[in-house]
$ cat entry10.pdb   # PDB, C-alpha atoms and all ligand atoms
MODEL        1
ATOM      1  CA  MET A   1       0.000   0.000   0.000
ATOM      2  CA  ALA A   2       1.381   3.414  -0.966
ATOM      3  CA  ALA A   3       2.361   5.520   2.028
ATOM      4  CA  THR A   4       0.160   8.505   2.849
ATOM      5  CA  ILE A   5       2.208  11.632   3.442
ATOM      6  CA  LEU A   6       0.808  14.768   5.027
ATOM      7  CA  VAL A   7       2.454  17.924   3.686
ATOM      8  CA  VAL A   8       2.169  20.896   6.053
ATOM      9  CA  GLU A   9       3.318  24.015   4.230
ATOM     10  CA  ASP A  10       1.717  27.470   4.002
ATOM     11  CA  GLU A  11       3.396  28.629   0.790
ATOM     12  CA  PRO A  12       1.154  27.340  -2.030
ATOM     13  CA  ALA A  13       3.942  26.985  -4.625
ATOM     14  CA  ILE A  14       6.160  24.933  -2.295
ATOM     15  CA  GLN A  15       3.204  22.885  -1.065
ATOM     16  CA  GLU A  16       2.341  22.105  -4.689
ATOM     17  CA  LEU A  17       5.937  21.232  -5.595
ATOM     18  CA  ILE A  18       6.335  18.858  -2.646
ATOM     19  CA  SER A  19       2.951  17.178  -3.091
ATOM     20  CA  TYR A  20       3.454  16.784  -6.830
ATOM     21  CA  SER A  21       6.897  15.210  -6.511
ATOM     22  CA  LEU A  22       5.679  12.855  -3.775
ATOM     23  CA  GLU A  23       2.764  11.776  -5.975
ATOM     24  CA  GLN A  24       5.147  11.258  -8.898
ATOM     25  CA  ALA A  25       7.162   8.962  -6.628
ATOM     26  CA  GLY A  26       4.024   6.888  -5.965
ATOM     27  CA  TYR A  27       2.985   8.266  -2.579
ATOM     28  CA  ARG A  28      -0.411   9.617  -1.632
ATOM     29  CA  ALA A  29      -0.034  13.282  -0.612
ATOM     30  CA  LEU A  30      -2.436  15.136   1.688
ATOM     31  CA  ARG A  31      -2.068  18.901   2.020
ATOM     32  CA  ALA A  32      -2.476  21.292   4.926
ATOM     33  CA  ALA A  33      -1.670  25.021   4.926
ATOM     34  CA  SER A  34      -1.400  25.356   8.709
ATOM     35  CA  ALA A  35      -0.555  23.271  11.767
ATOM     36  CA  GLU A  36      -4.122  23.720  13.017
ATOM     37  CA  GLU A  37      -5.513  22.237   9.810
ATOM     38  CA  ALA A  38      -2.937  19.440   9.938
ATOM     39  CA  LEU A  39      -3.951  18.532  13.515
ATOM     40  CA  GLU A  40      -7.566  18.125  12.366
ATOM     41  CA  MET A  41      -6.441  15.838   9.541
ATOM     42  CA  VAL A  42      -4.238  13.754  11.832
ATOM     43  CA  ARG A  43      -7.180  13.368  14.210
ATOM     44  CA  ALA A  44      -9.294  11.964  11.380
ATOM     45  CA  ALA A  45      -6.647   9.586   9.999
ATOM     46  CA  LEU A  46      -3.045   8.903  10.880
ATOM     47  CA  PRO A  47      -0.623   9.550   7.988
ATOM     48  CA  ASP A  48       2.452   7.338   7.463
ATOM     49  CA  LEU A  49       4.747  10.373   7.485
ATOM     50  CA  VAL A  50       4.529  14.154   7.912
ATOM     51  CA  VAL A  51       6.594  16.652   5.918
ATOM     52  CA  LEU A  52       6.439  19.743   8.065
ATOM     53  CA  ASP A  53       7.452  23.338   7.392
ATOM     54  CA  TRP A  54       9.139  25.087  10.299
ATOM     55  CA  MET A  55       7.686  28.546   9.672
ATOM     56  CA  LEU A  56       3.914  28.462   9.636
ATOM     57  CA  PRO A  57       1.323  31.116  10.405
ATOM     58  CA  GLY A  58      -0.257  30.512  13.838
ATOM     59  CA  MET A  59       1.113  27.371  15.449
ATOM     60  CA  SER A  60       4.747  26.749  14.426
ATOM     61  CA  GLY A  61       6.076  23.534  12.970
ATOM     62  CA  VAL A  62       8.035  22.877  16.146
ATOM     63  CA  GLU A  63       4.931  23.243  18.311
ATOM     64  CA  PHE A  64       2.996  20.940  15.970
ATOM     65  CA  ALA A  65       5.796  18.352  16.238
ATOM     66  CA  ARG A  66       5.725  18.578  20.047
ATOM     67  CA  ARG A  67       1.973  17.990  20.061
ATOM     68  CA  LEU A  68       2.357  14.900  17.898
ATOM     69  CA  ARG A  69       5.062  13.567  20.186
ATOM     70  CA  ALA A  70       3.038  14.305  23.335
ATOM     71  CA  GLU A  71       0.109  12.097  22.355
ATOM     72  CA  LYS A  72       0.270   8.324  22.504
ATOM     73  CA  ARG A  73      -1.652   7.867  19.280
ATOM     74  CA  THR A  74       0.562  10.178  17.203
ATOM     75  CA  ARG A  75       3.884   9.776  19.036
ATOM     76  CA  GLU A  76       5.460   7.485  16.463
ATOM     77  CA  VAL A  77       4.453   9.237  13.250
ATOM     78  CA  PRO A  78       7.697   9.863  11.302
ATOM     79  CA  LEU A  79       8.456  13.537  10.744
ATOM     80  CA  ILE A  80      10.636  15.406   8.278
ATOM     81  CA  MET A  81      11.111  19.096   9.078
ATOM     82  CA  LEU A  82      11.649  21.743   6.395
ATOM     83  CA  THR A  83      13.613  24.820   7.328
ATOM     84  CA  ALA A  84      14.814  27.896   5.467
ATOM     85  CA  ARG A  85      17.701  28.351   7.901
ATOM     86  CA  ALA A  86      20.664  26.059   7.952
ATOM     87  CA  GLU A  87      22.200  27.230  11.225
ATOM     88  CA  GLU A  88      23.287  24.498  13.535
ATOM     89  CA  GLN A  89      21.056  25.726  16.334
ATOM     90  CA  ASP A  90      17.999  25.387  14.154
ATOM     91  CA  LYS A  91      18.952  21.879  13.190
ATOM     92  CA  LEU A  92      19.338  20.940  16.815
ATOM     93  CA  ARG A  93      16.009  22.461  17.709
ATOM     94  CA  GLY A  94      14.473  20.517  14.872
ATOM     95  CA  LEU A  95      15.920  17.293  16.184
ATOM     96  CA  ASP A  96      14.915  18.138  19.755
ATOM     97  CA  SER A  97      11.339  18.545  18.620
ATOM     98  CA  GLY A  98      11.355  14.902  17.615
ATOM     99  CA  ALA A  99      11.935  15.244  13.861
ATOM    100  CA  ASP A 100      13.426  12.150  12.198
ATOM    101  CA  ASP A 101      15.182  14.243   9.588
ATOM    102  CA  TYR A 102      15.338  17.811   8.333
ATOM    103  CA  ILE A 103      15.756  19.406   4.928
ATOM    104  CA  THR A 104      17.020  22.913   4.263
ATOM    105  CA  LYS A 105      15.206  25.004   1.644
ATOM    106  CA  PRO A 106      15.762  25.203  -1.233
ATOM    107  CA  PHE A 107      15.865  21.489  -1.949
ATOM    108  CA  SER A 108      15.351  19.346  -5.035
ATOM    109  CA  PRO A 109      12.365  16.986  -5.334
ATOM    110  CA  ARG A 110      14.890  14.197  -5.775
ATOM    111  CA  GLU A 111      16.514  14.968  -2.432
ATOM    112  CA  LEU A 112      13.135  15.139  -0.716
ATOM    113  CA  ASN A 113      12.055  11.792  -2.169
ATOM    114  CA  ALA A 114      15.303  10.159  -1.115
ATOM    115  CA  ARG A 115      14.881  11.404   2.480
ATOM    116  CA  VAL A 116      11.238  10.326   2.574
ATOM    117  CA  LYS A 117      12.178   6.862   1.325
ATOM    118  CA  ALA A 118      14.949   6.507   3.903
ATOM    119  CA  VAL A 119      12.756   7.599   6.827
ATOM    120  CA  LEU A 120       9.901   5.318   5.748
ATOM    121  CA  ARG A 121      12.224   2.342   5.400
ATOM    122  CA  ARG A 122      13.454   2.937   8.936
ATOM    123  CA  ARG A 123      10.246   3.981  10.646
ATOM    124  CA  ALA A 124       7.378   2.500   8.616
ATOM    125  CA  PRO A 125       8.689  -0.590   6.806
ATOM    126  CA  ASP A 126       5.140  -1.794   6.131
ATOM    127  CA  THR A 127       4.754   1.048   3.605
ATOM    128  CA  THR A 128       7.739  -0.025   1.507
ATOM    129  CA  ASP A 129       7.922  -2.696  -1.174
ATOM    130  CA  GLU A 130      10.627  -4.822   0.444
ATOM    131  CA  ALA A 131       9.872  -8.500   0.952
ATOM    132  CA  VAL A 132       9.752  -9.819   4.534
ATOM    133  CA  GLU A 133      10.342 -13.355   5.801
ATOM    134  CA  ILE A 134       9.674 -14.794   9.241
ATOM    135  CA  ALA A 135       9.979 -18.489  10.085
ATOM    136  CA  GLY A 136       9.449 -19.572   6.481
ATOM    137  CA  LEU A 137       6.498 -17.247   5.975
ATOM    138  CA  MET A 138       7.327 -14.901   3.108
ATOM    139  CA  LEU A 139       5.441 -11.773   2.070
ATOM    140  CA  ASP A 140       6.320  -9.913  -1.106
ATOM    141  CA  PRO A 141       4.507  -6.551  -1.319
ATOM    142  CA  ALA A 142       5.655  -5.807  -4.874
ATOM    143  CA  GLY A 143       4.284  -9.067  -6.264
ATOM    144  CA  HIS A 144       1.411  -9.146  -3.721
ATOM    145  CA  ARG A 145       2.331 -12.747  -2.872
ATOM    146  CA  VAL A 146       2.462 -14.706   0.355
ATOM    147  CA  THR A 147       4.048 -18.133   0.674
ATOM    148  CA  GLY A 148       4.532 -20.450   3.645
ATOM    149  CA  GLY A 149       7.437 -22.864   3.242
ATOM    150  CA  GLY A 150       7.136 -22.306  -0.507
ATOM    151  CA  THR A 151       3.375 -22.966  -0.641
ATOM    152  CA  ARG A 152       1.260 -20.160  -2.078
ATOM    153  CA  ILE A 153      -1.200 -18.659   0.431
ATOM    154  CA  GLU A 154      -4.193 -16.689  -0.847
ATOM    155  CA  LEU A 155      -5.182 -13.668   1.247
ATOM    156  CA  GLY A 156      -7.809 -10.954   0.862
ATOM    157  CA  PRO A 157      -6.516  -7.362   0.567
ATOM    158  CA  THR A 158      -7.205  -6.489   4.217
ATOM    159  CA  GLU A 159      -5.621  -9.697   5.545
ATOM    160  CA  PHE A 160      -2.613  -9.001   3.313
ATOM    161  CA  ARG A 161      -2.144  -5.496   4.743
ATOM    162  CA  LEU A 162      -2.701  -6.754   8.280
ATOM    163  CA  LEU A 163      -0.091  -9.504   7.849
ATOM    164  CA  HIS A 164       2.343  -7.056   6.225
ATOM    165  CA  PHE A 165       2.020  -4.663   9.158
ATOM    166  CA  LEU A 166       2.432  -7.422  11.769
ATOM    167  CA  MET A 167       5.419  -8.985   9.964
ATOM    168  CA  THR A 168       7.217  -5.637   9.748
ATOM    169  CA  HIS A 169       6.554  -4.995  13.485
ATOM    170  CA  PRO A 170       7.187  -8.387  15.089
ATOM    171  CA  ASP A 171       7.212  -9.097  18.841
ATOM    172  CA  ARG A 172       5.178  -6.014  19.667
ATOM    173  CA  VAL A 173       1.627  -6.002  20.948
ATOM    174  CA  TYR A 174      -0.821  -3.784  19.070
ATOM    175  CA  THR A 175      -4.231  -2.828  20.387
ATOM    176  CA  ARG A 176      -7.213  -2.998  18.075
ATOM    177  CA  ALA A 177      -7.270   0.802  17.899
ATOM    178  CA  GLN A 178      -3.605   0.896  16.862
ATOM    179  CA  LEU A 179      -4.167  -1.740  14.192
ATOM    180  CA  LEU A 180      -7.080   0.295  12.846
ATOM    181  CA  ASP A 181      -4.858   3.356  12.615
ATOM    182  CA  HIS A 182      -1.970   1.536  10.959
ATOM    183  CA  VAL A 183      -3.741  -0.946   8.720
ATOM    184  CA  TRP A 184      -7.059   0.721   7.929
ATOM    185  CA  GLY A 185      -5.581   4.215   8.119
ATOM    186  CA  ASP A 186      -8.686   5.610   9.739
ATOM    187  CA  HIS A 187      -9.804   5.006  13.298
ATOM    188  CA  VAL A 188     -13.192   6.650  13.071
ATOM    189  CA  PHE A 189     -15.411   4.642  10.757
ATOM    190  CA  VAL A 190     -14.478   1.012  11.457
ATOM    191  CA  GLU A 191     -15.545  -0.873  14.576
ATOM    192  CA  GLU A 192     -12.821  -2.540  16.587
ATOM    193  CA  ARG A 193     -14.617  -5.882  16.326
ATOM    194  CA  THR A 194     -13.813  -5.802  12.618
ATOM    195  CA  ILE A 195     -10.182  -6.491  13.526
ATOM    196  CA  ASP A 196     -11.123  -9.783  15.169
ATOM    197  CA  VAL A 197     -12.944 -10.887  12.025
ATOM    198  CA  HIS A 198      -9.898 -10.237   9.854
ATOM    199  CA  ILE A 199      -7.495 -11.832  12.345
ATOM    200  CA  ARG A 200      -9.692 -14.941  12.256
ATOM    201  CA  ARG A 201      -9.607 -15.010   8.428
ATOM    202  CA  LEU A 202      -5.861 -14.480   8.425
ATOM    203  CA  ARG A 203      -5.266 -17.346  10.854
ATOM    204  CA  LYS A 204      -7.487 -19.633   8.827
ATOM    205  CA  ALA A 205      -5.529 -18.869   5.649
ATOM    206  CA  LEU A 206      -2.216 -19.497   7.426
ATOM    207  CA  GLU A 207      -3.375 -22.799   8.969
ATOM    208  CA  GLN A 208      -2.412 -24.917   5.925
ATOM    209  CA  THR A 209       1.287 -24.206   6.526
ATOM    210  CA  GLY A 210       1.102 -23.983  10.327
ATOM    211  CA  HIS A 211       1.953 -20.279  10.357
ATOM    212  CA  HIS A 212      -1.302 -19.352  12.135
ATOM    213  CA  ARG A 213       0.634 -19.904  15.362
ATOM    214  CA  LEU A 214       2.622 -16.735  14.649
ATOM    215  CA  ILE A 215      -0.485 -14.594  15.144
ATOM    216  CA  GLN A 216      -0.979 -14.408  18.888
ATOM    217  CA  THR A 217      -3.786 -12.988  20.963
ATOM    218  CA  VAL A 218      -2.599 -11.086  24.005
ATOM    219  CA  ARG A 219      -5.429 -11.084  26.489
ATOM    220  CA  SER A 220      -7.067  -7.699  27.133
ATOM    221  CA  ALA A 221      -4.306  -6.019  25.089
ATOM    222  CA  GLY A 222      -4.467  -6.956  21.415
ATOM    223  CA  TYR A 223      -2.450  -8.950  18.904
ATOM    224  CA  ARG A 224       1.174  -9.732  18.234
ATOM    225  CA  LEU A 225       3.181 -11.610  15.618
ATOM    226  CA  SER A 226       5.984 -13.620  17.129
ATOM    227  CA  VAL A 227       7.898 -16.850  16.643
ATOM    228  CA  GLN A 228       7.959 -17.246  20.428
ATOM    229  CA  GLY A 229       4.851 -18.731  22.018
TER
HETATM  230 CA    CA B   1       6.380  28.627   5.588
ENDMDL
END
$ encode --input "entry10.pdb" --output "structure tokens"
Amino acid sequence: MAATILVVEDEPAIQELISYSLEQAGYRALRAASAEEALEMVRAALPDLVVLDWMLPGMSGVEFARRLRAEKRTREVPLIMLTARAEEQDKLRGLDSGADDYITKPFSPRELNARVKAVLRRRAPDTTDEAVEIAGLMLDPAGHRVTGGGTRIELGPTEFRLLHFLMTHPDRVYTRAQLLDHVWGDHVFVEERTIDVHIRRLRKALEQTGHHRLIQTVRSAGYRLSVQG
């Protein structure tokens, strides 16, 4: 699934340039002209990454970053900060605010795309096209294929995304609400019970190769993918 990237930039020409080059690179770009607007959008659906301008009217980029980092739901959203000033102090402030990377204006679309790709690979591997393998279970996002010990496993689109997310974040427990945010991309319109239905379907599909045991229920917490029992 293509990563959704929220672009927070008040200058229309730069906002357009960034969004356009991200879309050309295959990402889905959402646009906000202020931090206030961006906060509303993040509340509605969690993006996979935020490209954030430092200088914004009203709430600054740094303040917006702090707010994201202060809330449990948004704490881990990867952030790339744009700044017009290259002074060391600014860079440090950018990093202190919890940014994963920063880019000094002016920058080329190619540089931006390279940084975005690097941050996503590190922080949101489920949005990249790299194949993952755990205990003989192999998932190839580019070819949309799953195999268990070499045997082809057929999955529906939601089960595929769910398995991709869990395989790229092994040994961690995710609540139903977190899975909705990460896999469905929107925590408002889907009931949490829906997760259980898709987990059940996923396990059933993995049963033929014995890999259903990887998908573990953690009582009163959520789900985890792990090779340990
Ligand atoms: Ca600006």
$ closest_residue --input "entry10.pdb" --among "A:Asp10, A:Asp48, A:Thr128, A:Glu16" --to "A:Arg28" --atoms "only C-alpha atoms"
A:Asp48
$ atom_distance --input "entry10.pdb" --atom1 "atom CA of A:Ala13" --atom2 "atom CA of A:Val42"
22.6 Å
$ atom_distance --input "entry10.pdb" --atom1 "atom CA of A:Thr83" --atom2 "atom CA of A:Thr104"
5.0 Å
$ atom_distance --input "entry10.pdb" --atom1 "atom CA of A:Val227" --atom2 "atom CA of A:Arg193"
25.0 Å
$ closest_residue --input "entry10.pdb" --among "A:Glu11, A:Glu191, A:Asp181, A:Glu40" --to "ligand CA 1 (chain B)" --atoms "only C-alpha atoms and all ligand atoms"
A:Glu11
$ axis_aligned_box --input "entry10.pdb" --around "stretch 48-64 of chain A" --padding-each-side "4 Å" --output "lines of an AutoDock Vina configuration file"
center_x = 4.4
center_y = 19.2
center_z = 12.1
size_x = 17.4
size_y = 31.8
size_z = 20.4
$ residues_around --input "entry10.pdb" --residues "stretch 221-225 of chain A" --least-positions-apart "4" --cutoff "12 Å" --atoms "all atoms listed in the file" --output "PyMOL selection string"
chain A and resi 134-135+137+162-180+192-193+195-196+198-200+202-203+211-217+229
$ residues_near_ligand --input "entry10.pdb" --ligand "ligand CA 1 (chain B)" --cutoff "10 Å" --atoms "only C-alpha atoms and all ligand atoms" --output "ChimeraX atom specification"
/A:8-12,14-15,33-34,52-57,60-61,82-84
$ resolve_selection --input "entry10.pdb" --expression "the PyMOL selection byres (((chain A and resi 209) around 10) and not hetatm)" --output "PyMOL selection string"
chain A and resi 136-137+147-153+205-208+210-213
$ resolve_selection --input "entry10.pdb" --expression "the PyMOL selection byres (((chain A and resi 103) around 9) and not hetatm)" --output "PyMOL selection string"
chain A and resi 80-84+86+101-102+104-107+111-112+115
$ residues_around --input "entry10.pdb" --residues "A:Leu39" --least-positions-apart "3" --cutoff "9 Å" --atoms "only C-alpha atoms" --output "list in words"
Ser34, Ala35, Glu36, Val42, Arg43, Ala44, Phe64, Arg67 and Leu68 of chain A
$ resolve_selection --input "entry10.pdb" --expression "the PyMOL selection byres (((chain A and resi 160) around 9) and not hetatm)" --output "PDB file with C-alpha atoms, in the frame of the given file"
ATOM      1  CA  LEU A 139       5.441 -11.773   2.070  1.00  0.00           C
ATOM      2  CA  PRO A 141       4.507  -6.551  -1.319  1.00  0.00           C
ATOM      3  CA  HIS A 144       1.411  -9.146  -3.721  1.00  0.00           C
ATOM      4  CA  ARG A 145       2.331 -12.747  -2.872  1.00  0.00           C
ATOM      5  CA  VAL A 146       2.462 -14.706   0.355  1.00  0.00           C
ATOM      6  CA  GLU A 154      -4.193 -16.689  -0.847  1.00  0.00           C
ATOM      7  CA  LEU A 155      -5.182 -13.668   1.247  1.00  0.00           C
ATOM      8  CA  GLY A 156      -7.809 -10.954   0.862  1.00  0.00           C
ATOM      9  CA  PRO A 157      -6.516  -7.362   0.567  1.00  0.00           C
ATOM     10  CA  THR A 158      -7.205  -6.489   4.217  1.00  0.00           C
ATOM     11  CA  GLU A 159      -5.621  -9.697   5.545  1.00  0.00           C
ATOM     12  CA  ARG A 161      -2.144  -5.496   4.743  1.00  0.00           C
ATOM     13  CA  LEU A 162      -2.701  -6.754   8.280  1.00  0.00           C
ATOM     14  CA  LEU A 163      -0.091  -9.504   7.849  1.00  0.00           C
ATOM     15  CA  HIS A 164       2.343  -7.056   6.225  1.00  0.00           C
ATOM     16  CA  PHE A 165       2.020  -4.663   9.158  1.00  0.00           C
ATOM     17  CA  LEU A 202      -5.861 -14.480   8.425  1.00  0.00           C
TER      18      LEU A 202
END
$ residues_around --input "entry10.pdb" --residues "A:Pro78" --least-positions-apart "3" --cutoff "9 Å" --atoms "only C-alpha atoms" --output "NGL selection string"
:A and (47-51 or 75 or 98-101 or 119-120 or 123-124)
$ write_last_selection --input "entry10.pdb" --atoms "C-alpha atoms" --output "PDB file, keeping the file's coordinate frame"
ATOM      1  CA  PRO A  47      -0.623   9.550   7.988  1.00  0.00           C
ATOM      2  CA  ASP A  48       2.452   7.338   7.463  1.00  0.00           C
ATOM      3  CA  LEU A  49       4.747  10.373   7.485  1.00  0.00           C
ATOM      4  CA  VAL A  50       4.529  14.154   7.912  1.00  0.00           C
ATOM      5  CA  VAL A  51       6.594  16.652   5.918  1.00  0.00           C
ATOM      6  CA  ARG A  75       3.884   9.776  19.036  1.00  0.00           C
ATOM      7  CA  GLY A  98      11.355  14.902  17.615  1.00  0.00           C
ATOM      8  CA  ALA A  99      11.935  15.244  13.861  1.00  0.00           C
ATOM      9  CA  ASP A 100      13.426  12.150  12.198  1.00  0.00           C
ATOM     10  CA  ASP A 101      15.182  14.243   9.588  1.00  0.00           C
ATOM     11  CA  VAL A 119      12.756   7.599   6.827  1.00  0.00           C
ATOM     12  CA  LEU A 120       9.901   5.318   5.748  1.00  0.00           C
ATOM     13  CA  ARG A 123      10.246   3.981  10.646  1.00  0.00           C
ATOM     14  CA  ALA A 124       7.378   2.500   8.616  1.00  0.00           C
TER      15      ALA A 124
END
$ closest_residue --input "entry10.pdb" --among "A:Leu46, A:Met59, A:Met41, A:Pro109" --to "A:Ser19" --atoms "all atoms listed in the file"
A:Pro109
$ residues_near_point --input "entry10.pdb" --point "(-0.7, 12.7, -0.2)" --cutoff "9 Å" --atoms "all atoms listed in the file" --output "number ranges by chain"
A: 3-7, 19-20, 22-23, 27-31, 47
$ build_atoms --input "entry10.pdb" --residues "stretch 118-137 of chain A" --atoms "N, CA, C and O atoms" --output "compact mmCIF listing (two decimals), in the coordinates of the input"
# COMPACT_ATOMS: atom_id res chain seq x y z
N ALA A 118 14.07 6.99 2.83
CA ALA A 118 14.95 6.51 3.90
C ALA A 118 14.22 6.49 5.25
O ALA A 118 14.34 5.53 6.02
N VAL A 119 13.47 7.54 5.54
CA VAL A 119 12.76 7.60 6.83
C VAL A 119 11.67 6.53 6.88
O VAL A 119 11.49 5.85 7.89
N LEU A 120 10.95 6.34 5.77
CA LEU A 120 9.90 5.32 5.75
C LEU A 120 10.48 3.92 5.92
O LEU A 120 9.91 3.08 6.62
N ARG A 121 11.62 3.67 5.29
CA ARG A 121 12.22 2.34 5.40
C ARG A 121 12.58 2.04 6.85
O ARG A 121 12.44 0.93 7.33
N ARG A 122 13.03 3.09 7.54
CA ARG A 122 13.45 2.94 8.94
C ARG A 122 12.26 2.90 9.89
O ARG A 122 12.21 2.11 10.80
N ARG A 123 11.31 3.79 9.66
CA ARG A 123 10.25 3.98 10.65
C ARG A 123 8.92 3.32 10.29
O ARG A 123 8.08 3.11 11.16
N ALA A 124 8.66 3.09 9.02
CA ALA A 124 7.38 2.50 8.62
C ALA A 124 7.60 1.47 7.52
O ALA A 124 7.15 1.64 6.39
N PRO A 125 8.33 0.38 7.84
CA PRO A 125 8.69 -0.59 6.81
C PRO A 125 7.49 -1.24 6.13
O PRO A 125 7.63 -1.77 5.03
N ASP A 126 6.31 -1.18 6.77
CA ASP A 126 5.14 -1.79 6.13
C ASP A 126 4.65 -0.98 4.93
O ASP A 126 3.81 -1.44 4.19
N THR A 127 5.17 0.25 4.76
CA THR A 127 4.75 1.05 3.60
C THR A 127 5.73 0.92 2.44
O THR A 127 5.54 1.52 1.40
N THR A 128 6.78 0.14 2.60
CA THR A 128 7.74 -0.02 1.51
C THR A 128 7.47 -1.34 0.77
O THR A 128 6.67 -2.16 1.22
N ASP A 129 8.16 -1.53 -0.33
CA ASP A 129 7.92 -2.70 -1.17
C ASP A 129 8.89 -3.84 -0.90
O ASP A 129 8.97 -4.77 -1.68
N GLU A 130 9.64 -3.77 0.19
CA GLU A 130 10.63 -4.82 0.44
C GLU A 130 9.98 -6.08 1.01
O GLU A 130 9.14 -6.02 1.89
N ALA A 131 10.42 -7.23 0.49
CA ALA A 131 9.87 -8.50 0.95
C ALA A 131 10.30 -8.79 2.40
O ALA A 131 11.38 -8.39 2.82
N VAL A 132 9.42 -9.44 3.16
CA VAL A 132 9.75 -9.82 4.53
C VAL A 132 9.59 -11.33 4.70
O VAL A 132 8.70 -11.93 4.09
N GLU A 133 10.40 -11.92 5.56
CA GLU A 133 10.34 -13.36 5.80
C GLU A 133 10.49 -13.62 7.29
O GLU A 133 11.40 -13.09 7.94
N ILE A 134 9.57 -14.39 7.84
CA ILE A 134 9.67 -14.79 9.24
C ILE A 134 9.30 -16.27 9.34
O ILE A 134 8.20 -16.66 8.95
N ALA A 135 10.21 -17.06 9.85
CA ALA A 135 9.98 -18.49 10.09
C ALA A 135 9.39 -19.21 8.87
O ALA A 135 8.46 -20.01 8.99
N GLY A 136 9.91 -18.89 7.69
CA GLY A 136 9.45 -19.57 6.48
C GLY A 136 8.22 -18.95 5.85
O GLY A 136 7.78 -19.34 4.77
N LEU A 137 7.63 -17.97 6.55
CA LEU A 137 6.50 -17.25 5.98
C LEU A 137 7.07 -16.04 5.23
O LEU A 137 7.81 -15.23 5.80
